[in-house]
file my_file04.txt (compact mmCIF, C-alpha atoms and all ligand atoms)
# COMPACT_ATOMS: atom_id res chain seq x y z
CA MET A 1 155.97 47.37 75.34
CA GLU A 2 154.02 50.55 75.99
CA GLN A 3 153.15 53.29 73.50
CA VAL A 4 156.11 55.57 72.71
CA LYS A 5 156.49 58.72 70.63
CA VAL A 6 159.31 60.38 68.72
CA VAL A 7 159.49 64.10 69.59
CA LYS A 8 161.89 67.02 69.13
CA MET A 9 164.43 67.32 71.93
CA THR A 10 164.19 70.61 73.85
CA PRO A 11 166.49 72.19 76.46
CA LYS A 12 164.13 70.82 79.16
CA ASP A 13 165.16 67.29 78.11
CA VAL A 14 168.89 67.84 78.51
CA ASP A 15 169.17 66.75 82.19
CA GLU A 16 167.56 63.41 81.43
CA VAL A 17 169.50 62.91 78.20
CA PHE A 18 172.71 63.70 80.06
CA HIS A 19 171.83 61.08 82.68
CA ILE A 20 171.59 58.44 79.92
CA GLU A 21 174.91 59.66 78.44
CA GLU A 22 176.62 59.21 81.81
CA LEU A 23 175.09 55.78 82.20
CA ILE A 24 176.24 54.59 78.77
CA HIS A 25 179.64 56.31 78.62
CA PRO A 26 180.76 56.73 82.26
CA LYS A 27 184.30 57.86 81.32
CA HIS A 28 183.88 59.87 78.18
CA HIS A 29 180.58 61.53 77.37
CA TRP A 30 179.15 64.79 76.12
CA SER A 31 178.63 67.58 78.65
CA LYS A 32 175.23 69.20 79.21
CA GLU A 33 176.74 72.30 77.60
CA SER A 34 177.39 70.36 74.38
CA PHE A 35 173.73 69.37 74.20
CA TYR A 36 172.53 72.94 74.86
CA ASN A 37 174.88 74.18 72.11
CA GLU A 38 173.63 71.53 69.72
CA LEU A 39 169.99 72.45 70.39
CA ALA A 40 170.78 76.10 69.64
CA ASN A 41 172.48 75.22 66.35
CA ASN A 42 170.34 75.68 63.24
CA LEU A 43 172.16 72.95 61.36
CA ALA A 44 171.40 70.35 64.02
CA SER A 45 168.24 68.31 64.67
CA TYR A 46 167.71 66.30 67.85
CA TYR A 47 164.89 63.88 68.64
CA CYS A 48 163.97 61.79 71.70
CA ILE A 49 161.71 58.84 72.21
CA LYS A 50 159.43 59.27 75.23
CA ASN A 51 157.07 56.81 76.86
CA GLU A 52 153.59 57.52 78.20
CA LYS A 53 155.07 58.91 81.42
CA ASN A 54 157.32 61.22 79.38
CA LYS A 55 160.44 59.31 80.38
CA ILE A 56 163.18 59.55 77.74
CA LEU A 57 164.16 56.13 76.40
CA ALA A 58 166.42 57.08 73.48
CA TYR A 59 167.69 60.00 71.42
CA ILE A 60 169.43 60.89 68.17
CA GLY A 61 171.14 63.97 66.78
CA PHE A 62 172.35 64.88 63.32
CA TRP A 63 173.57 67.80 61.26
CA GLN A 64 172.37 68.60 57.76
CA ILE A 65 174.83 70.53 55.59
CA ILE A 66 174.00 71.12 51.94
CA GLU A 67 173.45 67.57 50.61
CA GLU A 68 174.96 65.61 53.48
CA ALA A 69 173.73 64.61 56.93
CA HIS A 70 176.07 63.60 59.75
CA ILE A 71 174.75 61.59 62.69
CA THR A 72 176.44 62.98 65.80
CA SER A 73 174.74 61.01 68.54
CA LEU A 74 172.47 57.98 69.00
CA ALA A 75 171.72 56.15 72.22
CA VAL A 76 169.05 53.90 73.68
CA HIS A 77 168.70 53.53 77.45
CA PRO A 78 170.14 50.10 78.40
CA ASP A 79 166.78 48.96 79.84
CA PHE A 80 164.98 49.57 76.53
CA ARG A 81 167.23 47.99 73.90
CA ARG A 82 166.19 45.54 71.16
CA MET A 83 162.74 47.15 70.96
CA GLN A 84 163.26 48.85 67.58
CA LEU A 85 163.82 52.24 69.20
CA ALA A 86 167.09 52.96 67.38
CA GLN A 87 165.40 51.99 64.13
CA ALA A 88 162.49 54.34 64.88
CA LEU A 89 164.98 57.19 65.42
CA LEU A 90 166.85 56.41 62.22
CA ILE A 91 163.55 56.35 60.34
CA LYS A 92 162.74 59.84 61.63
CA THR A 93 166.24 61.01 60.68
CA ILE A 94 166.11 59.58 57.16
CA ASP A 95 162.58 60.95 56.59
CA ASP A 96 163.89 64.41 57.55
CA CYS A 97 166.77 63.91 55.11
CA TYR A 98 164.32 63.17 52.29
CA LYS A 99 162.33 66.30 53.18
CA ASN A 100 165.50 68.40 53.02
CA MET A 101 166.85 66.90 49.80
CA ILE A 102 169.86 65.36 51.52
CA LYS A 103 171.72 62.79 49.40
CA TYR A 104 174.18 61.08 51.73
CA ILE A 105 174.27 60.25 55.44
CA THR A 106 177.48 59.60 57.31
CA LEU A 107 178.73 58.88 60.83
CA GLU A 108 181.66 57.56 62.84
CA VAL A 109 181.34 54.54 65.08
CA ARG A 110 183.77 52.72 67.36
CA GLU A 111 185.41 49.76 65.64
CA SER A 112 184.33 47.46 68.51
CA ASN A 113 180.68 48.58 68.49
CA PHE A 114 179.21 45.66 66.58
CA GLU A 115 175.62 46.39 67.75
CA ALA A 116 175.69 49.85 66.19
CA ILE A 117 177.59 48.73 63.08
CA SER A 118 175.01 45.99 62.56
CA LEU A 119 172.20 48.54 62.98
CA TYR A 120 173.71 50.87 60.38
CA GLU A 121 174.41 48.00 57.98
CA LYS A 122 170.76 47.04 58.23
CA PHE A 123 170.04 50.51 56.76
CA LEU A 124 172.72 49.89 54.06
CA PHE A 125 175.40 52.15 55.50
CA GLU A 126 178.83 50.92 54.39
CA SER A 127 182.26 51.24 55.97
CA ILE A 128 184.36 53.44 53.73
CA GLY A 129 187.43 54.00 55.90
CA MET A 130 188.88 54.43 59.32
CA ARG A 131 189.94 57.33 61.53
CA LYS A 132 192.91 55.98 63.48
CA ASN A 133 192.99 56.59 67.28
CA TYR A 134 189.87 58.75 66.98
CA TYR A 135 188.44 58.24 70.48
CA GLN A 136 190.34 60.09 73.19
CA ASP A 137 189.42 57.80 76.09
CA ASN A 138 191.04 54.61 74.75
CA GLY A 139 192.57 55.53 71.41
CA GLU A 140 190.09 53.31 69.58
CA ASN A 141 189.71 53.61 65.81
CA ALA A 142 186.51 55.02 64.32
CA VAL A 143 184.90 53.33 61.36
CA ILE A 144 183.55 55.91 58.88
CA MET A 145 180.22 54.79 57.49
CA PHE A 146 178.32 56.29 54.56
CA THR A 147 175.08 55.56 52.79
CA GLN A 148 174.92 55.36 49.05
CA ASN A 149 172.75 58.09 47.53
CA ILE A 150 169.55 57.73 49.60
CA TRP A 151 167.44 58.46 46.50
CA TYR A 152 168.64 55.28 44.78
CA ASP A 153 166.04 52.51 44.63
CA THR A 154 168.15 49.99 46.56
CA PHE A 155 168.40 52.34 49.53
CA LYS A 156 164.78 53.50 49.32
CA ASN A 157 163.33 49.98 48.98
CA ASN A 158 165.34 48.72 51.92
CA PHE A 159 164.34 51.78 53.96
CA ASN A 160 160.64 51.31 53.17
CA ASN A 161 160.84 47.62 54.11
CA ILE A 162 162.31 48.54 57.50
CA LYS A 163 159.70 51.26 57.93
CA ASN A 164 156.90 48.78 57.26
CA SER A 165 158.36 46.34 59.79
CA ILE A 166 158.28 48.87 62.65
CA ASN A 167 155.42 48.42 65.03
CA LYS A 168 153.45 51.56 64.23
CA VAL A 169 150.91 50.88 66.94
CA LEU A 170 153.64 51.46 69.47
CA VAL A 171 155.73 54.17 67.83
CA SER A 172 154.10 57.45 66.82
CA TYR A 173 155.77 60.51 65.30
CA ASP A 174 154.82 64.10 66.21
C1 LIG B 1 173.34 50.50 69.09
C2 LIG B 1 172.02 50.87 69.77
C3 LIG B 1 171.71 52.33 69.47
C4 LIG B 1 170.90 49.95 69.21
O1 LIG B 1 169.66 50.34 69.79
P1 LIG B 1 168.37 49.35 69.87
O2 LIG B 1 167.17 50.20 70.09
O3 LIG B 1 168.65 48.28 70.84
O4 LIG B 1 168.36 48.75 68.38
P2 LIG B 1 167.07 48.17 67.61
O5 LIG B 1 166.24 47.33 68.52
O6 LIG B 1 166.39 49.25 66.87
O7 LIG B 1 167.83 47.16 66.61
C5 LIG B 1 168.09 47.50 65.28
C6 LIG B 1 169.22 46.65 64.72
O8 LIG B 1 170.43 46.95 65.40
C7 LIG B 1 171.27 45.80 65.45
N1 LIG B 1 171.47 45.46 66.86
C8 LIG B 1 171.02 46.15 67.93
N2 LIG B 1 171.45 45.55 69.07
C9 LIG B 1 172.18 44.48 68.70
C10 LIG B 1 172.87 43.47 69.44
N3 LIG B 1 172.88 43.46 70.77
N4 LIG B 1 173.51 42.50 68.74
C11 LIG B 1 173.50 42.49 67.38
N5 LIG B 1 172.84 43.42 66.62
C12 LIG B 1 172.20 44.41 67.29
C13 LIG B 1 170.50 44.71 64.70
O9 LIG B 1 170.88 44.80 63.34
C14 LIG B 1 169.05 45.16 64.88
O10 LIG B 1 168.22 44.67 63.86
P3 LIG B 1 167.40 43.29 64.10
O11 LIG B 1 166.54 43.52 65.31
O12 LIG B 1 166.62 43.11 62.83
O13 LIG B 1 168.44 42.23 64.36
C15 LIG B 1 172.09 50.63 71.33
O14 LIG B 1 172.65 49.35 71.56
C16 LIG B 1 172.91 51.68 72.07
O15 LIG B 1 172.37 52.71 72.51
N6 LIG B 1 174.22 51.43 72.26
C17 LIG B 1 175.08 52.39 72.98
C18 LIG B 1 175.27 53.68 72.26
C19 LIG B 1 175.78 53.48 70.86
O16 LIG B 1 176.55 52.58 70.57
N7 LIG B 1 175.37 54.38 69.94
C20 LIG B 1 175.80 54.38 68.56
C21 LIG B 1 176.95 55.30 68.43
S1 LIG B 1 177.48 55.45 66.74
call {"tool": "encode", "arguments": {"input": "my_file04.txt", "output": "structure tokens"}}
result
Amino acid sequence: MEQVKVVKMTPKDVDEVFHIEELIHPKHHWSKESFYNELANNLASYYCIKNEKNKILAYIGFWQIIEEAHITSLAVHPDFRRMQLAQALLIKTIDDCYKNMIKYITLEVRESNFEAISLYEKFLFESIGMRKNYYQDNGENAVIMFTQNIWYDTFKNNFNNIKNSINKVLVSYD
């Protein structure tokens, strides 16, 4: 695996991010306009992972409102999965949350998406309920996941263990 870096997403990245969106969700995906709107929104933060050739391999987006963060988007290019990239993006997200005194992080995920659910459980997110027929394309339910208070020792210790297990030689943060 080559050296990769986590960087802020900018409007120049949207075409490439959109291409990954289309690849992953051919039927139902965000428009380019949605990404431009998100990047212009002060509540939102978006990051990408780029390789040495500046190709985008993965991205994440989240909102921070008062003491809560909401993850709106997370995707890793199919050719670059199981390389800790999603974990690197969650680490960046959670570090930002600590900087901004956020207490809880939440998200919705498709009930059938065991890869993502397993990723979030690794970071101690828990399922706290369901939004029935949430996804318009197939009527699938969304699982609502929440962290406990991220300042609690159990969350922090687990987070630091994951952080220490990431290959820092390969992943750098701007
Ligand atoms: C879910 C997704 C983001 C994971 O990205 P990734 O970079 O491959 O994940 P990582 O290599 O960082 O893996 C982190 C953890 O995720 C879980 N995981 C990821 N892929 C998995 C798989 N195929 N099977 C089981 N668990 C998996 C594991 O818990 C893994 O930890 P481990 O390596 O200690 O077992 C990626 O599969 C993806 O982009 N899927 C499509 C988009 C999506 O579902 N986004 C989430 C929307 S809420």
call {"tool": "closest_residue", "arguments": {"input": "my_file04.txt", "among": "A:Asn138, A:Asn158, A:Cys48, A:Met101", "to": "Phe125 in chain A", "atoms": "only C-alpha atoms"}}
result
A:Asn158
call {"tool": "residues_near_ligand", "arguments": {"input": "my_file04.txt", "ligand": "ligand LIG 1 (chain B)", "cutoff": "8 Å", "atoms": "only C-alpha atoms and all ligand atoms", "output": "MDAnalysis selection string"}}
result
chainID A and resid 24 58 71:78 80:88 107:110 113:122
call {"tool": "atom_distance", "arguments": {"input": "my_file04.txt", "atom1": "CA of Ile166 in chain A", "atom2": "CA of Gly61 in chain A"}}
result
20.3 Å
call {"tool": "closest_residue", "arguments": {"input": "my_file04.txt", "among": "A:Ile102, A:Val6, A:Leu23, A:Val143", "to": "Asn54 in chain A", "atoms": "all atoms listed in the file"}}
result
A:Val6
call {"tool": "atom_distance", "arguments": {"input": "my_file04.txt", "atom1": "CA of Asp79 in chain A", "atom2": "CA of Val14 in chain A"}}
result
19.0 Å
call {"tool": "closest_residue", "arguments": {"input": "my_file04.txt", "among": "A:Lys132, A:Lys50, A:His70, A:Lys168", "to": "Glu16 in chain A", "atoms": "all atoms listed in the file"}}
result
A:Lys50
call {"tool": "residues_around", "arguments": {"input": "my_file04.txt", "residues": "range 89-96 of chain A", "least_positions_apart": "3", "cutoff": "8 Å", "atoms": "only C-alpha atoms", "output": "list in words"}}
result
Val6, Tyr47, Cys48, Ile49, Tyr59, Ile60, Phe62, Leu85, Ala86, Lys99, Asn100, Phe159, Lys163 and Tyr173 of chain A
call {"tool": "atom_distance", "arguments": {"input": "my_file04.txt", "atom1": "CA of Asp137 in chain A", "atom2": "CA of Asp15 in chain A"}}
result
23.0 Å
call {"tool": "residues_around", "arguments": {"input": "my_file04.txt", "residues": "Asn41 in chain A", "least_positions_apart": "4", "cutoff": "12 Å", "atoms": "all atoms listed in the file", "output": "PyMOL selection string"}}
result
chain A and resi 34-37+45-46+61-65
call {"tool": "closest_residue", "arguments": {"input": "my_file04.txt", "among": "A:Ile128, A:Met145, A:Val171, A:Leu57", "to": "Thr106 in chain A", "atoms": "only C-alpha atoms"}}
result
A:Met145
call {"tool": "closest_residue", "arguments": {"input": "my_file04.txt", "among": "A:Lys8, A:Lys103, A:His29, A:Lys55", "to": "Tyr135 in chain A", "atoms": "only C-alpha atoms"}}
result
A:His29
